[in-house]
$ cat model33.txt   # compact mmCIF, N, CA and C atoms
# COMPACT_ATOMS: atom_id res chain seq x y z
N MET A 14 0.83 -1.20 0.00
CA MET A 14 0.00 0.00 0.00
C MET A 14 0.87 1.25 0.00
N LYS A 15 1.92 1.23 0.85
CA LYS A 15 2.81 2.39 0.95
C LYS A 15 3.54 2.61 -0.39
N ALA A 16 3.98 1.52 -1.03
CA ALA A 16 4.67 1.61 -2.31
C ALA A 16 3.74 2.17 -3.38
N ALA A 17 2.48 1.77 -3.39
CA ALA A 17 1.51 2.28 -4.37
C ALA A 17 1.27 3.76 -4.17
N THR A 18 1.19 4.21 -2.92
CA THR A 18 0.99 5.63 -2.62
C THR A 18 2.17 6.46 -3.10
N ILE A 19 3.38 5.96 -2.84
CA ILE A 19 4.59 6.67 -3.28
C ILE A 19 4.64 6.72 -4.81
N SER A 20 4.30 5.61 -5.46
CA SER A 20 4.31 5.56 -6.92
C SER A 20 3.32 6.56 -7.52
N ILE A 21 2.12 6.65 -6.94
CA ILE A 21 1.12 7.61 -7.41
C ILE A 21 1.61 9.04 -7.20
N PHE A 22 2.21 9.31 -6.05
CA PHE A 22 2.73 10.65 -5.76
C PHE A 22 3.81 11.05 -6.76
N ILE A 23 4.73 10.13 -7.05
CA ILE A 23 5.81 10.42 -8.01
C ILE A 23 5.23 10.66 -9.40
N THR A 24 4.27 9.86 -9.80
CA THR A 24 3.64 10.04 -11.12
C THR A 24 2.97 11.41 -11.23
N ILE A 25 2.25 11.82 -10.20
CA ILE A 25 1.58 13.14 -10.20
C ILE A 25 2.62 14.26 -10.22
N ALA A 26 3.70 14.10 -9.45
CA ALA A 26 4.74 15.12 -9.40
C ALA A 26 5.40 15.28 -10.77
N ILE A 27 5.71 14.18 -11.43
CA ILE A 27 6.33 14.24 -12.76
C ILE A 27 5.38 14.87 -13.78
N ALA A 28 4.12 14.47 -13.76
CA ALA A 28 3.13 15.04 -14.70
C ALA A 28 2.97 16.53 -14.48
N THR A 29 2.95 16.97 -13.23
CA THR A 29 2.82 18.40 -12.92
C THR A 29 4.04 19.16 -13.40
N PHE A 30 5.23 18.60 -13.19
CA PHE A 30 6.46 19.26 -13.61
C PHE A 30 6.47 19.48 -15.11
N PHE A 31 6.17 18.44 -15.88
CA PHE A 31 6.22 18.57 -17.34
C PHE A 31 5.09 19.41 -17.90
N SER A 32 3.96 19.46 -17.25
CA SER A 32 2.86 20.29 -17.76
C SER A 32 3.12 21.77 -17.52
N CYS A 33 4.04 22.11 -16.64
CA CYS A 33 4.34 23.50 -16.33
C CYS A 33 5.54 24.03 -17.11
N GLN A 34 6.15 23.21 -17.93
CA GLN A 34 7.31 23.63 -18.69
C GLN A 34 6.92 24.66 -19.75
N LYS A 35 7.75 25.67 -19.91
CA LYS A 35 7.51 26.71 -20.91
C LYS A 35 7.71 26.13 -22.32
N ASP A 36 6.87 26.53 -23.24
CA ASP A 36 6.98 26.10 -24.63
C ASP A 36 8.05 26.94 -25.31
N ASP A 37 9.23 26.34 -25.56
CA ASP A 37 10.34 27.07 -26.16
C ASP A 37 10.22 27.21 -27.67
N THR A 38 9.14 26.73 -28.26
CA THR A 38 8.96 26.86 -29.71
C THR A 38 8.29 28.17 -30.08
N THR A 39 7.89 28.98 -29.09
CA THR A 39 7.27 30.26 -29.37
C THR A 39 8.32 31.20 -29.96
N PRO A 40 8.09 31.75 -31.15
CA PRO A 40 9.07 32.66 -31.74
C PRO A 40 9.30 33.88 -30.86
N SER A 41 10.55 34.24 -30.65
CA SER A 41 10.86 35.42 -29.86
C SER A 41 12.15 36.06 -30.38
N LEU A 42 12.37 37.30 -29.96
CA LEU A 42 13.56 38.03 -30.37
C LEU A 42 14.81 37.31 -29.86
N ASN A 43 15.89 37.46 -30.60
CA ASN A 43 17.22 36.95 -30.25
C ASN A 43 17.30 35.42 -30.23
N LYS A 44 16.33 34.73 -30.81
CA LYS A 44 16.35 33.27 -30.89
C LYS A 44 16.18 32.85 -32.34
N GLU A 45 16.74 31.70 -32.67
CA GLU A 45 16.58 31.16 -34.02
C GLU A 45 15.12 30.77 -34.24
N ILE A 46 14.58 31.20 -35.37
CA ILE A 46 13.18 30.94 -35.72
C ILE A 46 13.16 30.24 -37.08
N THR A 47 12.40 29.18 -37.19
CA THR A 47 12.24 28.48 -38.46
C THR A 47 10.88 28.86 -39.06
N ILE A 48 10.90 29.27 -40.34
CA ILE A 48 9.68 29.69 -41.03
C ILE A 48 9.54 28.86 -42.30
N ARG A 49 8.41 28.20 -42.46
CA ARG A 49 8.15 27.41 -43.66
C ARG A 49 7.72 28.34 -44.81
N TYR A 50 7.91 27.86 -46.03
CA TYR A 50 7.51 28.62 -47.22
C TYR A 50 6.03 28.98 -47.12
N GLY A 51 5.71 30.26 -47.33
CA GLY A 51 4.33 30.72 -47.29
C GLY A 51 3.81 31.04 -45.90
N GLU A 52 4.59 30.73 -44.88
CA GLU A 52 4.14 30.93 -43.50
C GLU A 52 4.49 32.34 -42.99
N THR A 53 3.61 32.88 -42.15
CA THR A 53 3.88 34.13 -41.45
C THR A 53 4.03 33.81 -39.97
N VAL A 54 5.10 34.32 -39.38
CA VAL A 54 5.37 34.07 -37.97
C VAL A 54 5.34 35.39 -37.21
N ASP A 55 4.59 35.41 -36.12
CA ASP A 55 4.54 36.57 -35.23
C ASP A 55 5.63 36.41 -34.18
N ILE A 56 6.48 37.42 -34.06
CA ILE A 56 7.60 37.35 -33.13
C ILE A 56 7.29 38.23 -31.92
N ALA A 57 6.84 37.59 -30.87
CA ALA A 57 6.57 38.23 -29.57
C ALA A 57 5.66 39.46 -29.70
N GLY A 58 4.78 39.46 -30.69
CA GLY A 58 3.85 40.57 -30.84
C GLY A 58 4.50 41.86 -31.31
N GLU A 59 5.80 41.81 -31.64
CA GLU A 59 6.53 43.01 -32.05
C GLU A 59 6.73 43.11 -33.55
N MET A 60 6.79 41.96 -34.21
CA MET A 60 7.10 41.93 -35.63
C MET A 60 6.56 40.65 -36.23
N ALA A 61 6.19 40.69 -37.49
CA ALA A 61 5.76 39.49 -38.21
C ALA A 61 6.64 39.35 -39.45
N ILE A 62 7.03 38.11 -39.75
CA ILE A 62 7.83 37.84 -40.94
C ILE A 62 7.16 36.74 -41.74
N THR A 63 7.09 36.96 -43.06
CA THR A 63 6.54 35.98 -43.99
C THR A 63 7.64 35.51 -44.93
N PHE A 64 7.77 34.19 -45.10
CA PHE A 64 8.66 33.61 -46.10
C PHE A 64 7.85 33.58 -47.39
N ASP A 65 8.09 34.56 -48.26
CA ASP A 65 7.23 34.82 -49.42
C ASP A 65 7.63 34.11 -50.70
N GLU A 66 8.94 34.01 -50.96
CA GLU A 66 9.34 33.53 -52.29
C GLU A 66 10.76 32.99 -52.27
N ILE A 67 11.00 32.00 -53.13
CA ILE A 67 12.36 31.54 -53.40
C ILE A 67 12.75 32.24 -54.69
N VAL A 68 13.61 33.23 -54.59
CA VAL A 68 14.00 34.02 -55.75
C VAL A 68 14.96 33.23 -56.63
N GLU A 69 15.92 32.57 -55.99
CA GLU A 69 16.93 31.80 -56.73
C GLU A 69 17.48 30.72 -55.82
N ASP A 70 17.70 29.55 -56.38
CA ASP A 70 18.44 28.50 -55.69
C ASP A 70 19.34 27.82 -56.70
N SER A 71 20.55 28.32 -56.79
CA SER A 71 21.52 27.76 -57.73
C SER A 71 22.66 27.07 -56.99
N ARG A 72 22.39 26.63 -55.75
CA ARG A 72 23.41 25.94 -54.96
C ARG A 72 23.79 24.63 -55.64
N CYS A 73 25.06 24.33 -55.57
CA CYS A 73 25.60 23.13 -56.21
C CYS A 73 25.17 21.89 -55.43
N PRO A 74 24.53 20.92 -56.09
CA PRO A 74 24.19 19.67 -55.40
C PRO A 74 25.46 18.95 -54.94
N CYS A 75 25.37 18.25 -53.85
CA CYS A 75 26.54 17.55 -53.29
C CYS A 75 27.09 16.50 -54.23
N THR A 76 26.24 15.98 -55.10
CA THR A 76 26.67 14.92 -56.01
C THR A 76 27.41 15.45 -57.24
N ASP A 77 27.39 16.77 -57.44
CA ASP A 77 28.04 17.38 -58.60
C ASP A 77 29.34 18.03 -58.21
N ASP A 78 30.21 18.22 -59.19
CA ASP A 78 31.48 18.91 -58.99
C ASP A 78 31.35 20.26 -59.70
N CYS A 79 31.03 21.31 -58.94
CA CYS A 79 30.75 22.62 -59.52
C CYS A 79 31.93 23.56 -59.34
N LEU A 80 32.07 24.52 -60.26
CA LEU A 80 33.11 25.53 -60.13
C LEU A 80 32.82 26.50 -58.99
N SER A 81 31.53 26.73 -58.73
CA SER A 81 31.14 27.62 -57.63
C SER A 81 30.06 26.92 -56.80
N SER A 82 29.96 27.33 -55.55
CA SER A 82 28.97 26.70 -54.67
C SER A 82 27.55 27.16 -54.98
N GLY A 83 27.42 28.24 -55.78
CA GLY A 83 26.10 28.77 -56.10
C GLY A 83 25.56 29.59 -54.94
N ARG A 84 24.31 29.97 -55.05
CA ARG A 84 23.71 30.78 -53.98
C ARG A 84 22.22 30.53 -53.89
N VAL A 85 21.67 30.95 -52.78
CA VAL A 85 20.23 30.87 -52.59
C VAL A 85 19.77 32.24 -52.12
N VAL A 86 18.66 32.71 -52.71
CA VAL A 86 18.08 34.00 -52.34
C VAL A 86 16.59 33.78 -52.13
N VAL A 87 16.09 34.28 -51.01
CA VAL A 87 14.66 34.19 -50.71
C VAL A 87 14.12 35.58 -50.44
N ARG A 88 12.81 35.73 -50.56
CA ARG A 88 12.17 37.01 -50.26
C ARG A 88 11.40 36.87 -48.95
N LEU A 89 11.73 37.76 -48.02
CA LEU A 89 11.02 37.82 -46.75
C LEU A 89 10.27 39.14 -46.67
N ILE A 90 9.08 39.08 -46.11
CA ILE A 90 8.29 40.30 -45.87
C ILE A 90 8.20 40.46 -44.37
N GLY A 91 8.66 41.61 -43.88
CA GLY A 91 8.60 41.89 -42.46
C GLY A 91 7.65 43.04 -42.19
N ASN A 92 6.90 42.94 -41.11
CA ASN A 92 5.95 43.98 -40.74
C ASN A 92 6.20 44.38 -39.29
N VAL A 93 6.46 45.66 -39.09
CA VAL A 93 6.71 46.19 -37.75
C VAL A 93 5.71 47.30 -37.49
N SER A 94 4.66 47.00 -36.76
CA SER A 94 3.65 48.00 -36.37
C SER A 94 3.25 48.93 -37.52
N GLY A 95 2.90 48.37 -38.65
CA GLY A 95 2.45 49.18 -39.77
C GLY A 95 3.42 49.17 -40.93
N PRO A 96 4.61 49.82 -40.78
CA PRO A 96 5.56 49.80 -41.90
C PRO A 96 6.07 48.38 -42.16
N SER A 97 6.41 48.11 -43.41
CA SER A 97 6.91 46.77 -43.72
C SER A 97 8.05 46.84 -44.71
N TYR A 98 8.82 45.76 -44.78
CA TYR A 98 9.85 45.62 -45.81
C TYR A 98 9.52 44.38 -46.63
N ASN A 99 10.02 44.38 -47.86
CA ASN A 99 9.82 43.28 -48.77
C ASN A 99 11.13 43.15 -49.54
N CYS A 100 12.06 42.33 -49.04
CA CYS A 100 13.41 42.31 -49.60
C CYS A 100 13.93 40.91 -49.84
N PRO A 101 14.85 40.81 -50.80
CA PRO A 101 15.56 39.55 -50.99
C PRO A 101 16.64 39.39 -49.93
N PHE A 102 16.84 38.17 -49.47
CA PHE A 102 17.89 37.84 -48.51
C PHE A 102 18.70 36.68 -49.05
N GLY A 103 20.02 36.80 -49.03
CA GLY A 103 20.90 35.67 -49.28
C GLY A 103 21.30 35.09 -47.93
N GLU A 104 21.83 33.88 -47.93
CA GLU A 104 22.24 33.28 -46.66
C GLU A 104 23.26 34.19 -45.96
N ASN A 105 23.09 34.35 -44.67
CA ASN A 105 23.93 35.17 -43.80
C ASN A 105 23.81 36.67 -44.06
N SER A 106 22.83 37.08 -44.85
CA SER A 106 22.64 38.52 -45.05
C SER A 106 21.81 39.09 -43.91
N ILE A 107 22.01 40.37 -43.65
CA ILE A 107 21.34 41.07 -42.56
C ILE A 107 20.66 42.31 -43.12
N LYS A 108 19.42 42.51 -42.72
CA LYS A 108 18.69 43.73 -43.09
C LYS A 108 18.21 44.37 -41.80
N THR A 109 18.36 45.70 -41.72
CA THR A 109 17.87 46.45 -40.56
C THR A 109 16.73 47.33 -41.02
N PHE A 110 15.62 47.26 -40.28
CA PHE A 110 14.43 48.02 -40.66
C PHE A 110 13.65 48.42 -39.41
N ASN A 111 13.38 49.68 -39.29
CA ASN A 111 12.50 50.22 -38.26
C ASN A 111 12.83 49.71 -36.85
N GLY A 112 14.14 49.66 -36.55
CA GLY A 112 14.57 49.27 -35.21
C GLY A 112 14.76 47.78 -34.99
N TYR A 113 14.66 46.98 -36.05
CA TYR A 113 14.86 45.53 -35.94
C TYR A 113 15.86 45.06 -36.97
N GLU A 114 16.70 44.12 -36.57
CA GLU A 114 17.68 43.52 -37.47
C GLU A 114 17.27 42.08 -37.72
N THR A 115 17.14 41.72 -39.00
CA THR A 115 16.79 40.36 -39.39
C THR A 115 17.98 39.74 -40.10
N LYS A 116 18.42 38.58 -39.62
CA LYS A 116 19.53 37.87 -40.25
C LYS A 116 19.04 36.51 -40.73
N LEU A 117 19.28 36.23 -42.02
CA LEU A 117 18.96 34.92 -42.58
C LEU A 117 20.13 33.99 -42.30
N LEU A 118 19.90 32.97 -41.50
CA LEU A 118 20.96 32.04 -41.12
C LEU A 118 21.13 30.90 -42.11
N GLU A 119 20.00 30.35 -42.57
CA GLU A 119 20.07 29.14 -43.38
C GLU A 119 18.79 28.97 -44.19
N VAL A 120 18.94 28.35 -45.35
CA VAL A 120 17.80 27.97 -46.18
C VAL A 120 17.84 26.45 -46.33
N LEU A 121 16.74 25.82 -46.01
CA LEU A 121 16.63 24.37 -46.13
C LEU A 121 15.58 24.03 -47.18
N PRO A 122 15.66 22.95 -47.91
CA PRO A 122 16.60 21.86 -47.71
C PRO A 122 18.00 22.23 -48.19
N ALA A 123 18.98 21.56 -47.62
CA ALA A 123 20.37 21.74 -48.04
C ALA A 123 20.51 21.22 -49.47
N PRO A 124 21.54 21.70 -50.18
CA PRO A 124 21.71 21.27 -51.58
C PRO A 124 21.76 19.75 -51.75
N CYS A 125 22.27 19.04 -50.75
CA CYS A 125 22.35 17.57 -50.86
C CYS A 125 20.98 16.93 -50.85
N ASP A 126 19.99 17.64 -50.31
CA ASP A 126 18.66 17.08 -50.17
C ASP A 126 17.68 17.53 -51.26
N ILE A 127 18.15 18.32 -52.21
CA ILE A 127 17.29 18.84 -53.27
C ILE A 127 17.34 17.90 -54.47
N ASP A 128 16.17 17.59 -55.00
CA ASP A 128 16.11 16.79 -56.22
C ASP A 128 14.95 17.29 -57.08
N SER A 129 14.65 16.56 -58.10
CA SER A 129 13.63 17.02 -59.05
C SER A 129 12.23 17.07 -58.44
N THR A 130 12.03 16.42 -57.31
CA THR A 130 10.71 16.44 -56.67
C THR A 130 10.58 17.54 -55.62
N THR A 131 11.64 18.32 -55.40
CA THR A 131 11.60 19.39 -54.41
C THR A 131 10.69 20.51 -54.91
N THR A 132 9.75 20.93 -54.08
CA THR A 132 8.83 22.01 -54.43
C THR A 132 9.04 23.17 -53.46
N PRO A 133 8.51 24.35 -53.76
CA PRO A 133 8.63 25.46 -52.82
C PRO A 133 8.14 25.12 -51.41
N ASN A 134 7.12 24.30 -51.31
CA ASN A 134 6.59 23.93 -49.99
C ASN A 134 7.56 23.11 -49.15
N ASP A 135 8.63 22.60 -49.77
CA ASP A 135 9.65 21.85 -49.03
C ASP A 135 10.66 22.77 -48.35
N TYR A 136 10.63 24.05 -48.68
CA TYR A 136 11.64 24.98 -48.18
C TYR A 136 11.27 25.56 -46.81
N LYS A 137 12.32 25.85 -46.04
CA LYS A 137 12.20 26.54 -44.75
C LYS A 137 13.40 27.47 -44.63
N VAL A 138 13.23 28.55 -43.89
CA VAL A 138 14.36 29.43 -43.58
C VAL A 138 14.53 29.50 -42.07
N LYS A 139 15.77 29.75 -41.66
CA LYS A 139 16.06 29.98 -40.25
C LYS A 139 16.58 31.41 -40.14
N VAL A 140 15.94 32.19 -39.27
CA VAL A 140 16.30 33.60 -39.08
C VAL A 140 16.46 33.90 -37.59
N VAL A 141 17.13 35.01 -37.33
CA VAL A 141 17.20 35.58 -35.99
C VAL A 141 16.83 37.04 -36.12
N VAL A 142 15.95 37.53 -35.25
CA VAL A 142 15.54 38.93 -35.26
C VAL A 142 15.95 39.54 -33.93
N LYS A 143 16.62 40.70 -34.03
CA LYS A 143 17.08 41.41 -32.84
C LYS A 143 16.54 42.84 -32.88
N LYS A 144 16.28 43.39 -31.72
CA LYS A 144 15.91 44.81 -31.63
C LYS A 144 17.22 45.59 -31.57
N VAL A 145 17.33 46.63 -32.39
CA VAL A 145 18.54 47.46 -32.42
C VAL A 145 18.17 48.91 -32.16
N GLY A 146 19.18 49.64 -31.70
CA GLY A 146 19.02 51.08 -31.48
C GLY A 146 18.02 51.40 -30.51

$ encode --input "model33.txt" --output "structure tokens"
Amino acid sequence: MKAATISIFITIAIATFFSCQKDDTTPSLNKEITIRYGETVDIAGEMAITFDEIVEDSRCPCTDDCLSSGRVVVRLIGNVSGPSYNCPFGENSIKTFNGYETKLLEVLPAPCDIDSTTTPNDYKVKVVVKKVG
């Protein structure tokens, strides 16, 4: 009986602990955010970013021997309390607008994972947004 009571208490304690954990997937400033193609993400109620378009993806596939690694350019639309930007971003490029800095960290899928069946809906970008000034 005592063992059953202790077991029930431990189960309730563990369930309570995990149910109170903060959801770290909520987009926020100064954290890496993943945005799927066509998706708009609200960042802590301060800014919204939409992954609008794949402008160019000429990255060299891993199976090929290319003279250059190529590049990828995507269009992001950012909205900050009314004003917005609509700009192309290359990997590792940074744009500053209306007190916020947006850096494009990565575009997925990686060149090794792209094939003839890859569609725009397969793409995701990773960005970090910081408040500046």

$ closest_residue --input "model33.txt" --among "A:Val93, A:Val145, A:Val140, A:Ile107" --to "Thr47 (chain A)" --atoms "all atoms listed in the file"
A:Val140

$ closest_residue --input "model33.txt" --among "A:Phe102, A:Tyr50, A:Tyr136, A:Phe64" --to "Lys116 (chain A)" --atoms "all atoms listed in the file"
A:Phe102

$ closest_residue --input "model33.txt" --among "A:Gly146, A:Pro40, A:Val85, A:Leu121" --to "Val68 (chain A)" --atoms "only N, CA and C atoms"
A:Val85

$ residues_around --input "model33.txt" --residues "region 130-133 of chain A" --least-positions-apart "2" --cutoff "12 Å" --atoms "only C-alpha atoms" --output "number ranges by chain"
A: 49-52, 64-70, 87, 120-128, 135-138

$ closest_residue --input "model33.txt" --among "A:Cys100, A:Leu89, A:Gly83, A:Lys44" --to "Thr63 (chain A)" --atoms "only N, CA and C atoms"
A:Leu89

$ residues_around --input "model33.txt" --residues "Lys139 (chain A)" --least-positions-apart "3" --cutoff "7 Å" --atoms "only C-alpha atoms" --output "PyMOL selection string"
chain A and resi 45-48+117-120

$ atom_distance --input "model33.txt" --atom1 "CA of Val54 (chain A)" --atom2 "CA of Asn111 (chain A)"
17.7 Å

$ closest_residue --input "model33.txt" --among "A:Asn92, A:Asn99, A:Ser71, A:Asn105" --to "Thr53 (chain A)" --atoms "only C-alpha atoms"
A:Asn92

$ atom_distance --input "model33.txt" --atom1 "atom N of Cys75 (chain A)" --atom2 "atom C of Ile62 (chain A)"
28.6 Å

$ residues_around --input "model33.txt" --residues "Asn43 (chain A)" --least-positions-apart "2" --cutoff "6 Å" --atoms "all atoms listed in the file" --output "MDAnalysis selection string"
chainID A and resid 41 45 141:143

$ atom_distance --input "model33.txt" --atom1 "CA of Tyr98 (chain A)" --atom2 "CA of Arg72 (chain A)"
25.6 Å

$ select_by_dssp --input "model33.txt" --residues "chain A" --states "strand (DSSP E)" --output "number ranges by chain"
A: 45-49, 53-56, 60-70, 85-92, 97-103, 107-110, 113-121, 137-144
